[in-house]
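**Student:** Provided herewith is a single structure, encoded as structure tokens, for subsequent inquiry.
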Amino acid sequence: MLNLHSHLANLLLGQRLKHDLFNHSGVLIIPARTIIDESHLHMIYMHQISISLNDLEEPSDLSQFHGCDLIDRSVRIVRDLFEQARYRRIIPISEIQKHILPIIQHTVQHSDLFTLLSWLKSSDDYTYRHTVAVSILSTLIGKWLQLNDEELIDLTMSAILHDVGKMYIPAEIINKPGTLTDEEFDIVKQHTVYGHAMIKATSGTTHRQALVALQHHERQDGSGYPHGLRSENIDLYSRIVAVADVFHAMSSDRVYRDAAPFYSLLNEMYQFAFGKFDAKIIRLFLDKLMQAIVGNEVRLTDGRTGIIVMINSHDPIQPLVRVGNAFVDLSKCSIQIEEVIPS
């Protein structure tokens, strides 16, 4: 449970109470089914009433919410649940399954890839938005790989929990606005081990969820950490989450650097298929990404704007672009996509 000086206050606004809310003397303060506004928050604070996500009604129909609002809601829930976990050293697994998993599943089912990416790019609350983004992207990849429903749930939960060990890393290192020292990086690397141990000790989790926390920084060529595993020893879920993890990190604005230009992002992801990441997953992800932006307006590196009209099967990251009445085949010139212009 959280008190109202926490971030939960923002999450409560506009939500409906499931139960009557009483003060410590047993006096009814707010009746059940009340939609909470600022005045109710003030009463809760003044009476020092503790309240949790379980005191709120779950929306019966998530489709009534705009997708971007749903993602923002899930980010706030992740932040609050993980802040609880940071202080209690217990993963609130049932709350995650109840409040976060359905939003991830709904968002994946009802949104197109490029729209999702634009919603996930916000630099606000990067740490927690990253958790949501990696969960959504991992679930999409799992669907494209035709995992069954049970496997998809396990994969999504694995992605939600992949960085849970970071709660053991000092905040000043996690939020440092610059390059980490070698000593600091060694400390950060331990989040994989901490997360693995924490998930294993939590009832209701699975072995593969713990493995993803441990392995999502391992690389196909053995250059990753913590154990330098190679491809055949890295779980499929870990390989999926690794791709989602690095893509969102590179495509997001951070305190210490801006998001990579689109062409740089594509080229780096393409190069990752040659050694560091699972080539099948990388190529599948890039193919789906490029197919999702057919018909979108783009700005090219020479300053012109155009419309992507076709993906080259032999070179998917260099599509055919219509610029005015002319067509530019990016696979046959040095011009690249600077950015995709939101519609």
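Residue numbering restarts at 1 in every chain; chains get A, B, ... in the order shown in the structure tokens, and ligands count up from 1 in that same order.
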Neighbours of region 181-194 of chain A within 8 Å (only C-alpha atoms; same-chain residues fewer than 3 positions away dropped), as a list in words?

**Tutor:**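 The filter keeps Asp163, Val164, Gly165, Lys166, Met167, Tyr168, Ile169, Ile173, Ile174, Ala197, Met198, Ala213, Leu214, Gln215, His216, His217, Tyr225 and Pro226 of chain A.
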
**Student:** Can you write just those residues out, N, CA, C and O atoms, as a PDB file, in the first residue's frame?

**Tutor:**
ATOM      1  N   ASP A 163      14.209  -6.142 -15.900  1.00  0.00           N
ATOM      2  CA  ASP A 163      15.128  -5.225 -15.226  1.00  0.00           C
ATOM      3  C   ASP A 163      14.826  -5.059 -13.740  1.00  0.00           C
ATOM      4  O   ASP A 163      15.294  -4.111 -13.118  1.00  0.00           O
ATOM      5  N   VAL A 164      14.059  -5.983 -13.175  1.00  0.00           N
ATOM      6  CA  VAL A 164      13.628  -5.810 -11.783  1.00  0.00           C
ATOM      7  C   VAL A 164      14.822  -5.746 -10.828  1.00  0.00           C
ATOM      8  O   VAL A 164      14.757  -5.106  -9.772  1.00  0.00           O
ATOM      9  N   GLY A 165      15.939  -6.354 -11.208  1.00  0.00           N
ATOM     10  CA  GLY A 165      17.128  -6.334 -10.348  1.00  0.00           C
ATOM     11  C   GLY A 165      17.742  -4.961 -10.202  1.00  0.00           C
ATOM     12  O   GLY A 165      18.567  -4.730  -9.303  1.00  0.00           O
ATOM     13  N   LYS A 166      17.351  -4.002 -11.062  1.00  0.00           N
ATOM     14  CA  LYS A 166      17.914  -2.649 -10.961  1.00  0.00           C
ATOM     15  C   LYS A 166      17.488  -1.939  -9.688  1.00  0.00           C
ATOM     16  O   LYS A 166      18.091  -0.921  -9.328  1.00  0.00           O
ATOM     17  N   MET A 167      16.469  -2.451  -9.008  1.00  0.00           N
ATOM     18  CA  MET A 167      16.077  -1.809  -7.755  1.00  0.00           C
ATOM     19  C   MET A 167      17.153  -1.971  -6.684  1.00  0.00           C
ATOM     20  O   MET A 167      17.132  -1.275  -5.678  1.00  0.00           O
ATOM     21  N   TYR A 168      18.101  -2.879  -6.915  1.00  0.00           N
ATOM     22  CA  TYR A 168      19.212  -3.047  -5.992  1.00  0.00           C
ATOM     23  C   TYR A 168      20.416  -2.179  -6.363  1.00  0.00           C
ATOM     24  O   TYR A 168      21.421  -2.164  -5.651  1.00  0.00           O
ATOM     25  N   ILE A 169      20.334  -1.503  -7.494  1.00  0.00           N
ATOM     26  CA  ILE A 169      21.429  -0.644  -7.949  1.00  0.00           C
ATOM     27  C   ILE A 169      21.167   0.779  -7.463  1.00  0.00           C
ATOM     28  O   ILE A 169      20.049   1.280  -7.598  1.00  0.00           O
ATOM     29  N   ILE A 173      23.523   5.905  -9.724  1.00  0.00           N
ATOM     30  CA  ILE A 173      24.200   5.251 -10.842  1.00  0.00           C
ATOM     31  C   ILE A 173      23.209   5.028 -11.990  1.00  0.00           C
ATOM     32  O   ILE A 173      23.518   5.331 -13.155  1.00  0.00           O
ATOM     33  N   ILE A 174      22.022   4.538 -11.675  1.00  0.00           N
ATOM     34  CA  ILE A 174      21.002   4.297 -12.707  1.00  0.00           C
ATOM     35  C   ILE A 174      20.667   5.580 -13.455  1.00  0.00           C
ATOM     36  O   ILE A 174      20.498   5.578 -14.681  1.00  0.00           O
ATOM     37  N   ALA A 197      17.780 -13.857  -8.926  1.00  0.00           N
ATOM     38  CA  ALA A 197      17.560 -14.372  -7.571  1.00  0.00           C
ATOM     39  C   ALA A 197      16.202 -13.931  -7.022  1.00  0.00           C
ATOM     40  O   ALA A 197      15.485 -14.705  -6.383  1.00  0.00           O
ATOM     41  N   MET A 198      15.848 -12.680  -7.294  1.00  0.00           N
ATOM     42  CA  MET A 198      14.592 -12.135  -6.773  1.00  0.00           C
ATOM     43  C   MET A 198      13.385 -12.844  -7.384  1.00  0.00           C
ATOM     44  O   MET A 198      12.418 -13.178  -6.688  1.00  0.00           O
ATOM     45  N   ALA A 213      15.720 -12.396 -16.853  1.00  0.00           N
ATOM     46  CA  ALA A 213      16.371 -11.380 -16.026  1.00  0.00           C
ATOM     47  C   ALA A 213      17.878 -11.587 -16.008  1.00  0.00           C
ATOM     48  O   ALA A 213      18.654 -10.624 -16.044  1.00  0.00           O
ATOM     49  N   LEU A 214      18.297 -12.843 -15.982  1.00  0.00           N
ATOM     50  CA  LEU A 214      19.719 -13.166 -15.923  1.00  0.00           C
ATOM     51  C   LEU A 214      20.402 -12.998 -17.280  1.00  0.00           C
ATOM     52  O   LEU A 214      21.547 -12.541 -17.357  1.00  0.00           O
ATOM     53  N   GLN A 215      19.717 -13.319 -18.371  1.00  0.00           N
ATOM     54  CA  GLN A 215      20.382 -13.482 -19.671  1.00  0.00           C
ATOM     55  C   GLN A 215      20.150 -12.361 -20.678  1.00  0.00           C
ATOM     56  O   GLN A 215      20.746 -12.395 -21.759  1.00  0.00           O
ATOM     57  N   HIS A 216      19.314 -11.360 -20.389  1.00  0.00           N
ATOM     58  CA  HIS A 216      18.946 -10.423 -21.464  1.00  0.00           C
ATOM     59  C   HIS A 216      20.093  -9.537 -21.932  1.00  0.00           C
ATOM     60  O   HIS A 216      19.953  -8.833 -22.936  1.00  0.00           O
ATOM     61  N   HIS A 217      21.230  -9.575 -21.240  1.00  0.00           N
ATOM     62  CA  HIS A 217      22.421  -8.860 -21.727  1.00  0.00           C
ATOM     63  C   HIS A 217      23.489  -9.823 -22.271  1.00  0.00           C
ATOM     64  O   HIS A 217      24.595  -9.389 -22.587  1.00  0.00           O
ATOM     65  N   TYR A 225      27.037 -10.242 -20.830  1.00  0.00           N
ATOM     66  CA  TYR A 225      27.216 -10.524 -19.402  1.00  0.00           C
ATOM     67  C   TYR A 225      25.888 -11.022 -18.829  1.00  0.00           C
ATOM     68  O   TYR A 225      24.851 -10.861 -19.457  1.00  0.00           O
ATOM     69  N   PRO A 226      25.902 -11.693 -17.664  1.00  0.00           N
ATOM     70  CA  PRO A 226      27.021 -11.823 -16.711  1.00  0.00           C
ATOM     71  C   PRO A 226      27.940 -13.023 -16.956  1.00  0.00           C
ATOM     72  O   PRO A 226      29.019 -13.100 -16.371  1.00  0.00           O
TER      73      PRO A 226
END

**Student:** Within 8 Å of region 87-97 of chain A, which residues of region 148-262 of chain A show up? Give each one with its shortest atom-to-atom distance in Å (one decimal) and the two atoms involved, counting only C-alpha atoms, rows by chain then rising residue number, as a tab-separated table.

**Tutor:**
residue	atom	partner	partner_atom	distance
A:Met157	CA	A:Gln97	CA	7.8
A:Met198	CA	A:Ile91	CA	7.7
A:Ile199	CA	A:Ile91	CA	7.5
A:Thr202	CA	A:Ile91	CA	6.7
A:Gly204	CA	A:Ile93	CA	6.9
A:Thr205	CA	A:Ile93	CA	7.5

**Student:** Have a look at CA of Trp119 (chain A) and CA of Cys68 (chain A) and let me know their distance in Å, one decimal.

**Tutor:**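 Here the two named atoms are 5.7 Å from each other.
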
**Student:** List as a list in words the protein and nucleic acid residues near region 304-318 of chain A, meaning an atom at most 8 Å away when only C-alpha atoms are counted, but skip any in the same chain fewer than 2 places from it.

**Tutor:**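 Once the nearby chain positions are removed, what remains is Leu266, Asn267, Leu286, Asp287, Met290, Gln291, Ile293, Val294, Gly295, Asn296, Glu297, Val298, Arg299, Leu300, Thr301, Asp302, Leu320, Val321, Arg322, Val323, Gly324, Asp329, Leu330, Ser331 and Gln336 of chain A.
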
**Student:** Would you kindly return, as a ChimeraX atom specification, each protein, DNA or RNA residue with an atom no farther than 6 Å from any atom of Lys276 (chain A), considering only C-alpha atoms and excluding same-chain residues fewer than 4 positions away?

**Tutor:** /A:219-221,272

**Student:** Find the residues around Leu265 (chain A) up to 9 Å (only C-alpha atoms counted), leave out those fewer than 4 positions away in its own chain, and share them as a list of chain:residue names.

**Tutor:** A:Phe247, A:Met250, A:Ser251, A:Ala259, A:Ala260, A:Pro261, A:Met269, A:Tyr270

**Student:** Can you pull out every residue within 12 Å of Arg239 (chain A), counting only C-alpha atoms, but drop anything in the same chain fewer than 5 positions away, and send it as a count of residues only?

**Tutor:** 36

**Student:** What's the separation between CA of Val241 (chain A) and CA of Thr139 (chain A), in Å to one decimal place?

**Tutor:** 9.0 Å

**Student:** If we count only C-alpha atoms and set the cut-off at 12 Å, which residues sit around region 21-30 of chain A, ignoring sequence neighbours fewer than 5 positions away in its own chain? Please answer as a compact mmCIF listing (two decimals) with all heavy atoms, in the first residue's frame.

**Tutor:**
# COMPACT_ATOMS: atom_id res chain seq x y z
N ARG A 16 -12.23 4.95 -10.34
CA ARG A 16 -13.40 4.67 -9.51
C ARG A 16 -13.03 3.75 -8.36
O ARG A 16 -12.39 2.72 -8.57
CB ARG A 16 -14.50 4.04 -10.35
CG ARG A 16 -15.87 3.98 -9.65
CD ARG A 16 -16.87 3.21 -10.51
NE ARG A 16 -17.10 3.84 -11.79
CZ ARG A 16 -17.99 4.79 -12.01
NH1 ARG A 16 -18.73 5.25 -11.02
NH2 ARG A 16 -18.15 5.30 -13.23
N ILE A 35 -15.79 8.43 -8.33
CA ILE A 35 -14.68 8.74 -9.22
C ILE A 35 -13.83 9.80 -8.54
O ILE A 35 -14.31 10.89 -8.21
CB ILE A 35 -15.19 9.24 -10.58
CG1 ILE A 35 -15.97 8.12 -11.28
CG2 ILE A 35 -14.02 9.71 -11.46
CD1 ILE A 35 -16.58 8.52 -12.61
N ILE A 36 -12.57 9.49 -8.32
CA ILE A 36 -11.70 10.31 -7.47
C ILE A 36 -11.26 11.57 -8.19
O ILE A 36 -10.79 11.54 -9.33
CB ILE A 36 -10.47 9.49 -7.02
CG1 ILE A 36 -10.93 8.27 -6.21
CG2 ILE A 36 -9.52 10.34 -6.21
CD1 ILE A 36 -9.81 7.32 -5.87
N ASP A 37 -11.41 12.71 -7.48
CA ASP A 37 -10.92 13.99 -8.00
C ASP A 37 -9.96 14.59 -6.97
O ASP A 37 -9.60 13.94 -5.97
CB ASP A 37 -12.07 14.95 -8.33
CG ASP A 37 -12.94 15.28 -7.11
OD1 ASP A 37 -12.47 15.12 -5.97
OD2 ASP A 37 -14.10 15.70 -7.31
N SER A 39 -10.35 16.86 -4.72
CA SER A 39 -10.88 17.01 -3.36
C SER A 39 -10.81 15.69 -2.59
O SER A 39 -10.54 15.67 -1.38
CB SER A 39 -12.33 17.51 -3.40
OG SER A 39 -13.19 16.57 -4.01
N HIS A 40 -11.03 14.57 -3.29
CA HIS A 40 -10.94 13.27 -2.64
C HIS A 40 -9.49 12.96 -2.27
O HIS A 40 -9.22 12.40 -1.19
CB HIS A 40 -11.48 12.18 -3.57
CG HIS A 40 -12.92 12.35 -3.91
ND1 HIS A 40 -13.37 12.45 -5.21
CD2 HIS A 40 -14.03 12.48 -3.13
CE1 HIS A 40 -14.67 12.60 -5.21
NE2 HIS A 40 -15.11 12.63 -3.97
N LEU A 41 -8.56 13.31 -3.15
CA LEU A 41 -7.14 13.11 -2.82
C LEU A 41 -6.78 13.87 -1.56
O LEU A 41 -6.05 13.37 -0.70
CB LEU A 41 -6.26 13.58 -3.98
CG LEU A 41 -6.28 12.75 -5.27
CD1 LEU A 41 -5.34 13.36 -6.29
CD2 LEU A 41 -5.89 11.31 -5.00
N HIS A 42 -7.30 15.10 -1.43
CA HIS A 42 -7.02 15.91 -0.24
C HIS A 42 -7.56 15.23 1.01
O HIS A 42 -6.88 15.17 2.05
CB HIS A 42 -7.64 17.29 -0.41
CG HIS A 42 -7.41 18.20 0.76
ND1 HIS A 42 -6.16 18.71 1.06
CD2 HIS A 42 -8.27 18.66 1.72
CE1 HIS A 42 -6.25 19.46 2.14
NE2 HIS A 42 -7.52 19.45 2.56
N MET A 43 -8.77 14.68 0.94
CA MET A 43 -9.35 14.00 2.09
C MET A 43 -8.55 12.77 2.47
O MET A 43 -8.30 12.51 3.66
CB MET A 43 -10.80 13.62 1.79
CG MET A 43 -11.78 14.77 1.82
SD MET A 43 -13.50 14.24 1.78
CE MET A 43 -13.64 13.69 0.08
N ILE A 44 -8.14 12.01 1.47
CA ILE A 44 -7.34 10.82 1.74
C ILE A 44 -6.04 11.19 2.42
O ILE A 44 -5.60 10.55 3.39
CB ILE A 44 -7.07 10.05 0.42
CG1 ILE A 44 -8.38 9.49 -0.14
CG2 ILE A 44 -6.07 8.92 0.64
CD1 ILE A 44 -8.26 8.94 -1.55
N TYR A 45 -5.42 12.26 1.93
CA TYR A 45 -4.16 12.72 2.51
C TYR A 45 -4.36 13.22 3.94
O TYR A 45 -3.59 12.87 4.85
CB TYR A 45 -3.56 13.82 1.64
CG TYR A 45 -2.27 14.39 2.17
CD1 TYR A 45 -1.07 13.70 2.02
CD2 TYR A 45 -2.26 15.61 2.84
CE1 TYR A 45 0.12 14.21 2.51
CE2 TYR A 45 -1.08 16.13 3.35
CZ TYR A 45 0.10 15.43 3.17
OH TYR A 45 1.27 15.93 3.68
N MET A 46 -5.38 14.04 4.15
CA MET A 46 -5.63 14.63 5.47
C MET A 46 -5.94 13.56 6.51
O MET A 46 -5.56 13.69 7.68
CB MET A 46 -6.77 15.64 5.40
CG MET A 46 -6.46 16.89 4.59
SD MET A 46 -5.02 17.80 5.23
CE MET A 46 -5.63 18.30 6.84
N HIS A 47 -6.62 12.50 6.10
CA HIS A 47 -6.96 11.43 7.04
C HIS A 47 -5.89 10.35 7.11
O HIS A 47 -6.05 9.35 7.82
CB HIS A 47 -8.31 10.81 6.65
CG HIS A 47 -9.48 11.69 6.96
ND1 HIS A 47 -10.10 11.72 8.19
CD2 HIS A 47 -10.15 12.59 6.19
CE1 HIS A 47 -11.11 12.59 8.17
NE2 HIS A 47 -11.15 13.14 6.97
N GLN A 48 -4.81 10.54 6.35
CA GLN A 48 -3.69 9.60 6.34
C GLN A 48 -4.15 8.17 6.06
O GLN A 48 -3.76 7.22 6.75
CB GLN A 48 -2.91 9.68 7.66
CG GLN A 48 -2.28 11.05 7.90
CD GLN A 48 -1.44 11.08 9.15
OE1 GLN A 48 -1.72 10.39 10.13
NE2 GLN A 48 -0.38 11.87 9.12
N ILE A 49 -5.00 8.05 5.05
CA ILE A 49 -5.52 6.74 4.67
C ILE A 49 -4.59 6.12 3.63
O ILE A 49 -4.22 6.76 2.65
CB ILE A 49 -6.94 6.87 4.08
CG1 ILE A 49 -7.89 7.49 5.12
CG2 ILE A 49 -7.46 5.51 3.62
CD1 ILE A 49 -9.24 7.84 4.56
N SER A 50 -4.22 4.88 3.86
CA SER A 50 -3.42 4.15 2.87
C SER A 50 -4.35 3.55 1.83
O SER A 50 -5.45 3.11 2.15
CB SER A 50 -2.60 3.05 3.54
OG SER A 50 -1.60 3.61 4.36
N ILE A 51 -3.89 3.54 0.60
CA ILE A 51 -4.71 3.06 -0.50
C ILE A 51 -3.82 2.38 -1.53
O ILE A 51 -2.65 2.76 -1.69
CB ILE A 51 -5.51 4.23 -1.14
CG1 ILE A 51 -6.51 3.72 -2.18
CG2 ILE A 51 -4.58 5.27 -1.73
CD1 ILE A 51 -7.50 4.78 -2.63
N SER A 52 -4.35 1.35 -2.17
CA SER A 52 -3.56 0.62 -3.16
C SER A 52 -4.33 0.48 -4.45
O SER A 52 -5.52 0.81 -4.54
CB SER A 52 -3.19 -0.78 -2.63
OG SER A 52 -4.30 -1.64 -2.71
N ASP A 55 -7.71 -1.15 -4.49
CA ASP A 55 -8.89 -0.42 -4.05
C ASP A 55 -9.62 0.25 -5.22
O ASP A 55 -10.65 0.91 -5.01
CB ASP A 55 -8.51 0.64 -3.02
CG ASP A 55 -7.97 0.03 -1.74
OD1 ASP A 55 -8.62 -0.89 -1.21
OD2 ASP A 55 -6.90 0.46 -1.27
N LEU A 56 -9.07 0.11 -6.44
CA LEU A 56 -9.67 0.74 -7.62
C LEU A 56 -10.37 -0.30 -8.47
O LEU A 56 -9.92 -1.46 -8.56
CB LEU A 56 -8.59 1.43 -8.45
CG LEU A 56 -7.73 2.47 -7.76
CD1 LEU A 56 -6.66 2.98 -8.72
CD2 LEU A 56 -8.57 3.61 -7.21

**Student:** Using DSSP on the backbone coordinates, identify all residues within region 27-147 of chain A classified as helix (DSSP H, G or I); present the result as a ChimeraX atom specification.

**Tutor:** /A:38-46,53-55,62-64,67-88,93-110,113-120,126-144

**Student:** Give me the residues of region 133-153 of chain A that have any atom at most 9 Å from an atom of region 101-114 of chain A; for each, the nearest atom pair and the distance in Å, rounded to one decimal. Use only C-alpha atoms, sort by chain and number, and format it as a tab-separated table.

**Tutor:**
residue	atom	partner	partner_atom	distance
A:Ser135	CA	A:Ile104	CA	7.1
A:Ile136	CA	A:Ile104	CA	5.9
A:Leu137	CA	A:Val108	CA	8.3
A:Thr139	CA	A:Val108	CA	7.3
A:Leu140	CA	A:Val108	CA	6.5
A:Ile153	CA	A:Leu101	CA	8.0

**Student:** Between A:Ser203, A:Thr127, A:Ser252, A:Gln146, which has the minimum distance to Glu83 (chain A) (counting only C-alpha atoms)?

**Tutor:**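 When distances to Glu83 (chain A) are compared using only C-alpha atoms, the smallest one comes from A:Thr127.
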
**Student:** If you run DSSP on the backbone, which residues of region 67-313 of chain A are strand (DSSP E), as a VMD selection string?

**Tutor:** chain A and resid 297 to 300 305 to 310

**Student:** Which one is closest to Val132 (chain A): A:Arg257, A:His248, A:His207, A:Lys18? Count only C-alpha atoms.

**Tutor:**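 Smallest separation from Val132 (chain A) among the options: A:His248.
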